[in-house]
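First the structure, in the form of structure tokens, and then the observations on it.
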Amino acid sequence: MKISLTKKHYISIASVVVMLAIWQSAAYYFGSALIVPQPKDTFLTVFKLIGDLDFIQVVGATVLRGLFGFFISAVMGLFVGVLSGLRPNFNTFISPFLVTIRSVPVISLILLALIWFNPNVVPIFIAMLTMFPFICTNVADGIKSVDPNLIQMANFYRVDKRKILRCVYIPAIMPFIISGASSAMGIGWRAIIIGEVLSQPKYGIGTKMQSAQTYLNVEAVIAWTLIAIIISFAFEKIIRLYEKRVLKWRAQ
């Protein structure tokens, strides 16, 4: 299969090369693996970590926490977002809650969660609170984007409610849901790992990063960071792929 590279691909590759060059220059300048390790040594550490027996358990635990937190926030966000979009009074009522959740520092939520929950639940709780406002707000905006005259006309001609939902509301809010999910995932993964660093569950990328930092193993800290970036990038690609399918579905 022939792979064609566009101008954007070349620019992206150039960006990665520049970042690696900056990293290599910093490593050469400091001259110590305890401050900035060499890129090649860090990538070798990544492969070494992947080969560890508990790698699947560590990464799997973090991914499961992220997916569980996302699922809870998605269900809550859809329910509250639809109500906010359809009921202006409810939207006015819920807005201060959303602003408050978005404004509270993540570290404050983690410190409180450490008091309330066991270590395995803390990252899920943080992920849920972090992702919920994005999904809720985007769903509400999607509902509000529907032309009210179109709904009035459908009601005037007594179009079935389920058909209105399937043909009007769902196509309208799907792009907003995808956008909210993408933003939520980006923020959520960082919040989960921060929660793991502080709560120290038995398995988790954050737990491994904290352990490596304790022993001044900078290579392992950066290696786990790269692994976390790859996971986040993979989920971002999945969401974007689904977005393309949704856009094709809307066009049809």
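Letters A, B, ... mark the chains of the structure tokens in the order given; residue numbers begin at 1 per chain; ligand numbers begin at 1, in order shown.
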Q: Write out as a PyMOL selection string the residues lying within 9 Å of region 62-71 of chain A, counting only C-alpha atoms and excluding same-chain residues fewer than 3 positions away.
A: chain A and resi 57-59+74-76+120-121+123-129+131-132+181+184-185+188-189+192-193+196+203-206+231
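Picture a line from CA of Ile178 (chain A) to CA of Ile94 (chain A); it runs 21.8 Å.
Shortest atom-to-atom contact with Tyr242 (chain A) among A:Gln200, A:Ser179, A:Val122, A:Ala172: A:Ser179, counting only C-alpha atoms.
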Q: Tell me, as a PyMOL selection string, which residues lie within 12 Å of Lys48 (chain A), counting only C-alpha atoms; anything in the same chain fewer than 3 positions away does not count.
A: chain A and resi 41-45+51-55+219-220+223-224+227
Q: Looking only at alpha helix (DSSP H) from DSSP on the backbone, list the matching residues of region 3-234 of chain A as a PyMOL selection string.
A: chain A and resi 7-30+39-50+55-86+88-103+106-116+122-144+148-156+161-164+170-199+205-214+218-234
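Take CA of Trp23 (chain A) and CA of Ile230 (chain A): the distance between them is 17.8 Å.
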Q.
To one decimal place in Å, what is the distance between CA of Met174 (chain A) and CA of Ser84 (chain A)?
A. 16.1 Å
Q: Considering only C-alpha atoms, return as a PyMOL selection string whatever protein or nucleic-acid residues lie within 10 Å of Pro119 (chain A), sequence-local ones (same chain, fewer than 5 positions apart) excluded.
A: chain A and resi 113-114+124+195-196+198-202
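Using only C-alpha atoms, the shortest contact distance between Ser108 (chain A) and any of A:Ser95, A:Val168, A:Ser145, A:Ile194 is found at A:Ile194.
When only C-alpha atoms are used to measure the gap to Arg190 (chain A), the shortest distance among A:Leu216, A:Val221, A:Leu112, A:Ala228 belongs to A:Ala228.
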